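Structure first, then comments.
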Amino acid sequence: MTNDEKINILQNLIQIESVNDHEEQVADYISSLFEPYADKVQIKKVPFTTGRTNLVVTMGNANGKHLGFSGHMDVVDPGNVDEWKHGPFSGDVDLDQNKLFGRGASDMKSGLAAAVIIMLELLESGTAIEGQIKLLATVGEETGEYGAHVLTQAGCADDLDGLIITEPHMDGIITSCKGVIDYQVTSIGAPAHSSRPDMGINAIDNLVQFYLAAKQLMDGHNEVNPKLGKMTHSIDIINGGKQVNSVPDYAMLKGNIRSIPEYSNDQIFKDLQKIVDDLNASDSKMNLKIEFIYPEVPIINGENLLTKLAQEVSDKYFDQILPVESSSGANDGSEFVQAKKQFPIILVGPGNNSSHGYDEYVDIPQYLNSIDYLKEVAEQFVGVSELTKTSF
Ligand SMILES: [Zn+2]
């Protein structure tokens, strides 16, 4: 495939406005690219909801090693469009800067395009791969990884021997990620005039008791994971009360935890739930409720073939062996790691810190280089029949 064609595929992806929705249009476009090879690929759509469909494209030989490539098809909102010099859904190319602009240029339509192009190039060249390559294109990663959840539940990741998530990160290979737990606690009280607080139930008073107990418990979680460091806990939103002379009958807080394997997500759910239950039991005027929102488990990889290959091959493309790194952010890997079989998951792909910002972009040479790099990793992982090996 020519460089212009590779750039064009990325532009077409960016021009589909899949802002937290409409991923089906992305899935349809990607499917159309595989149409010429309909007899060599299996295309499966796994719907999440109307207009939002995950896409799975599989090629190769079921008997060999199975490598997954995963990318999300949704993008975040462009924000104030007037702040963009290049339209957020333009896919504008600036040849002087060698950059391609638009929402998703970095996070992560370039990574998604890379995975698609790798498969198309292998099909185009008739390369006989010994194993299987599977594209897992997901919906709703940015708002809760629910596409990856649906695919994992459907068993689409159960056969994998390794998974590359092409999220934007080209300085290293991310092999471990903290888990994420968002939670919300609501406190229901009873209103009264503030001159007679004894007549009401102060929802803020009650919520604060949870706040202090949760903070004390979480602050004591001091164990350090050798790859991920310490877990973190932060209460970031607190609301309650309407006017200064009324006892508040409602208060709410939201907290965010970045978890490590030393304190499992299940244990944290139980601990926080116990605080709520104990407080409710201790005082009949206490009415607290806790809810957990799209929790994600941590990812930890030990030594494995995929990471080793991704490092070895990187030398040729980046003039250095990419270091192994860890991340405190959430991604689809937290869902795929819950597949029936264990397999290594790594994050590496084109992009940069412009993700989610104005004038999000990808460096075109980096984008093109990442395709060649990831293609060689894929070929080495699944194996390629010598006769059809492509030259690099
Ligand atoms: Zn992303």
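Labels used: A, B, ... for chains in the order of the structure tokens, numbers from 1 for residues in each chain, and numbers from 1 for ligands as shown.
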
Within 9 Å of His193 (chain A), counting only C-alpha atoms, which residues qualify if same-chain residues fewer than 4 places away don't, as a VMD selection string? chain A and resid 197 199 to 200 245 to 247

Using N, CA, C and O atoms, can you write the selected residues to a file as a CSV table (one decimal), in the first residue's frame?
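Listing of again_7.csv after writing:
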chain,number,residue,atom,x,y,z
A,197,PRO,N,-32.0,22.4,63.6
A,197,PRO,CA,-31.3,21.3,62.9
A,197,PRO,C,-31.7,20.0,63.5
A,197,PRO,O,-31.7,18.9,62.9
A,199,MET,N,-34.5,19.0,64.1
A,199,MET,CA,-35.8,18.5,63.4
A,199,MET,C,-35.5,17.8,62.1
A,199,MET,O,-36.3,17.1,61.6
A,200,GLY,N,-34.3,18.0,61.6
A,200,GLY,CA,-33.9,17.3,60.3
A,200,GLY,C,-32.8,16.3,60.5
A,200,GLY,O,-32.4,16.0,61.6
A,245,ASN,N,-29.9,28.5,55.2
A,245,ASN,CA,-30.8,28.3,56.3
A,245,ASN,C,-31.7,27.1,56.2
A,245,ASN,O,-32.7,27.0,56.8
A,246,SER,N,-31.2,26.1,55.4
A,246,SER,CA,-32.0,24.8,55.3
A,246,SER,C,-31.0,23.7,55.6
A,246,SER,O,-29.9,23.6,55.0
A,247,VAL,N,-31.4,22.8,56.4
A,247,VAL,CA,-30.6,21.6,56.7
A,247,VAL,C,-30.6,20.7,55.4
A,247,VAL,O,-31.7,20.4,54.9

As a quick test: using only C-alpha atoms and all ligand atoms, which residues lie no more than 6 Å away from ligand 1? Give them as number ranges by chain. A: 107-108, 167

Alpha helix (DSSP H) residues, from DSSP on the backbone, in region 222-312 of chain A, as an MDAnalysis selection string: chainID A and resid 265:282 305:312

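Residues in contact range of Glu121 (chain A), defined as at most 12 Å between only C-alpha atoms, with sequence neighbours fewer than 3 positions away removed, read Met1, Thr2, Asn3, Glu5, Lys6, Leu33, Phe34, Tyr37, Met59, Ala113, Ala114, Ala115, Val116, Ile117, Ile118, Glu124, Ser125, Gly126, Thr127, Ala128, Ile371, Asp372, Lys375, Glu376, Glu379 and Thr390 of chain A.
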
Could you list, as a list in words, every residue within 10 Å of Ile275 (chain A), counting only C-alpha atoms and ignoring same-chain residues fewer than 3 positions away?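 Within the cut-off, the hits are Gln209, Phe210, Tyr211, Ala213, Ala214, Leu217, Lys270, Asp271, Leu272, Asp278, Leu279, Asn280, Ala281, Leu288 and Ile290 of chain A.
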
Please produce an output containing N, CA, C and O atoms for each residue in the selection, written as a CSV table (one decimal), in the first residue's frame.
chain,number,residue,atom,x,y,z
A,209,GLN,N,-18.8,11.6,57.4
A,209,GLN,CA,-18.3,10.5,58.2
A,209,GLN,C,-17.7,9.4,57.2
A,209,GLN,O,-16.7,8.8,57.5
A,210,PHE,N,-18.4,9.2,56.1
A,210,PHE,CA,-17.9,8.3,55.1
A,210,PHE,C,-16.6,8.8,54.6
A,210,PHE,O,-15.6,8.1,54.5
A,211,TYR,N,-16.5,10.1,54.3
A,211,TYR,CA,-15.3,10.7,53.7
A,211,TYR,C,-14.1,10.4,54.6
A,211,TYR,O,-13.1,9.9,54.1
A,213,ALA,N,-13.7,8.2,57.0
A,213,ALA,CA,-13.4,6.7,57.2
A,213,ALA,C,-12.8,6.2,55.9
A,213,ALA,O,-11.8,5.4,56.0
A,214,ALA,N,-13.2,6.6,54.8
A,214,ALA,CA,-12.7,6.0,53.5
A,214,ALA,C,-11.2,6.6,53.3
A,214,ALA,O,-10.3,5.8,53.0
A,217,LEU,N,-8.9,4.7,55.7
A,217,LEU,CA,-8.6,3.3,55.3
A,217,LEU,C,-7.7,3.3,54.1
A,217,LEU,O,-6.7,2.6,54.0
A,270,LYS,N,-15.4,-4.4,48.7
A,270,LYS,CA,-15.9,-4.9,50.0
A,270,LYS,C,-15.6,-3.9,51.1
A,270,LYS,O,-16.5,-3.6,52.0
A,271,ASP,N,-14.4,-3.4,51.1
A,271,ASP,CA,-14.0,-2.5,52.2
A,271,ASP,C,-14.9,-1.2,52.2
A,271,ASP,O,-15.3,-0.7,53.3
A,272,LEU,N,-15.1,-0.6,51.0
A,272,LEU,CA,-15.9,0.6,51.0
A,272,LEU,C,-17.3,0.3,51.3
A,272,LEU,O,-18.0,1.1,52.0
A,278,ASP,N,-21.5,-0.3,57.9
A,278,ASP,CA,-21.3,0.0,59.4
A,278,ASP,C,-21.8,1.3,59.8
A,278,ASP,O,-22.4,1.4,60.9
A,279,LEU,N,-21.6,2.3,59.0
A,279,LEU,CA,-22.2,3.7,59.3
A,279,LEU,C,-23.7,3.6,59.4
A,279,LEU,O,-24.3,4.1,60.3
A,280,ASN,N,-24.3,3.0,58.4
A,280,ASN,CA,-25.8,2.9,58.3
A,280,ASN,C,-26.3,2.1,59.6
A,280,ASN,O,-27.3,2.5,60.1
A,281,ALA,N,-25.5,1.1,60.0
A,281,ALA,CA,-26.0,0.3,61.1
A,281,ALA,C,-25.8,1.0,62.4
A,281,ALA,O,-26.5,0.8,63.4
A,288,LEU,N,-26.8,6.1,53.8
A,288,LEU,CA,-25.7,6.2,52.7
A,288,LEU,C,-25.9,5.0,51.7
A,288,LEU,O,-26.3,3.9,52.1
A,290,ILE,N,-23.6,3.4,48.2
A,290,ILE,CA,-22.4,3.5,47.4
A,290,ILE,C,-22.6,2.7,46.1
A,290,ILE,O,-23.3,1.7,46.1

Which residue, A:Ile30, A:Leu374, A:Leu160, A:Val19, has the smallest gap to Leu67 (chain A) when you use only C-alpha atoms?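 Once distances to Leu67 (chain A) are computed over only C-alpha atoms, the minimum belongs to A:Leu160.
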
Residues at most 12 Å from Ile268 (chain A), counting only C-alpha atoms, excluding those fewer than 2 positions away in the same chain, as a ChimeraX atom specification? /A:179-183,214,217-218,221,231-233,256-266,270-275,292,295,297

Closest of A:Asn98, A:Asn202, A:Asn225, A:Ser70 to Ile164 (chain A) - atom-to-atom distances counting only C-alpha atoms: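 Looking only at the distances to Ile164 (chain A), the closest residue turns out to be A:Ser70.
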
Pick from A:Thr49, A:Gln243, A:Thr58, A:Gln184 nearest to Phe269 (chain A), counting only C-alpha atoms: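 Closest residue, counting only C-alpha atoms: A:Gln184.
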
So which residues touch Tyr361 (chain A) within 12 Å, counting only C-alpha atoms, skipping near sequence neighbours fewer than 2 positions away, as a count of residues only? 43

Could you tell me which of A:Ile188, A:Leu368, A:Val244, A:Ala148 comes closest to Ala339 (chain A) if we count only C-alpha atoms? A:Ala148

Write out as a PyMOL selection string all residues of region 256-286 of chain A that DSSP puts in strand (DSSP E) for this structure's backbone. chain A and resi 256-259

Writing out the chosen residues with N, CA and C atoms as a compact mmCIF listing (two decimals), in the first residue's frame:
# COMPACT_ATOMS: atom_id res chain seq x y z
N ASN A 256 -12.04 8.54 43.13
CA ASN A 256 -11.33 7.82 42.07
C ASN A 256 -10.15 7.09 42.69
N ILE A 257 -10.06 5.80 42.38
CA ILE A 257 -8.98 4.97 42.89
C ILE A 257 -8.21 4.39 41.71
N ARG A 258 -6.88 4.44 41.79
CA ARG A 258 -6.03 3.75 40.80
C ARG A 258 -5.43 2.57 41.54
N SER A 259 -5.88 1.38 41.18
CA SER A 259 -5.59 0.22 42.01
C SER A 259 -4.39 -0.58 41.51

Can you work out which one of A:Gly383, A:Leu120, A:Lys178, A:Glu303 has the shortest atom-to-atom distance to Lys230 (chain A), counting only C-alpha atoms?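 Ranking A:Gly383, A:Leu120, A:Lys178, A:Glu303 by distance to Lys230 (chain A), first place goes to A:Lys178.
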
For Asn331 (chain A), list every protein, DNA or RNA residue within 9 Å, evaluated using only C-alpha atoms, and leave out those in the same chain fewer than 2 positions away; present the list as a ChimeraX atom specification. /A:141-142,144-145,165,167,177,296,329,333-335

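CA of Ile299 (chain A) to CA of Ile345 (chain A) spans 7.9 Å [interatomic distance, one decimal].
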
Residue nearest Pro226 (chain A) - candidates A:Ser187, A:Asn63, A:Gln320, A:Ser176, atoms counted: only C-alpha atoms: A:Ser176

Closest contacts (region 92-173 of chain A/region 21-24 of chain A, max 9 Å, only C-alpha atoms) as CSV:
residue,atom,partner,partner_atom,distance
A:Thr138,CA,A:Glu23,CA,8.1
A:Val139,CA,A:Glu23,CA,6.1
A:Gly140,CA,A:Asp21,CA,7.3

Between CA of Asp236 (chain A) and CA of Leu253 (chain A), what distance in Å does the model show, to one decimal?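 Separation of CA of Asp236 (chain A) and CA of Leu253 (chain A): 7.5 Å.
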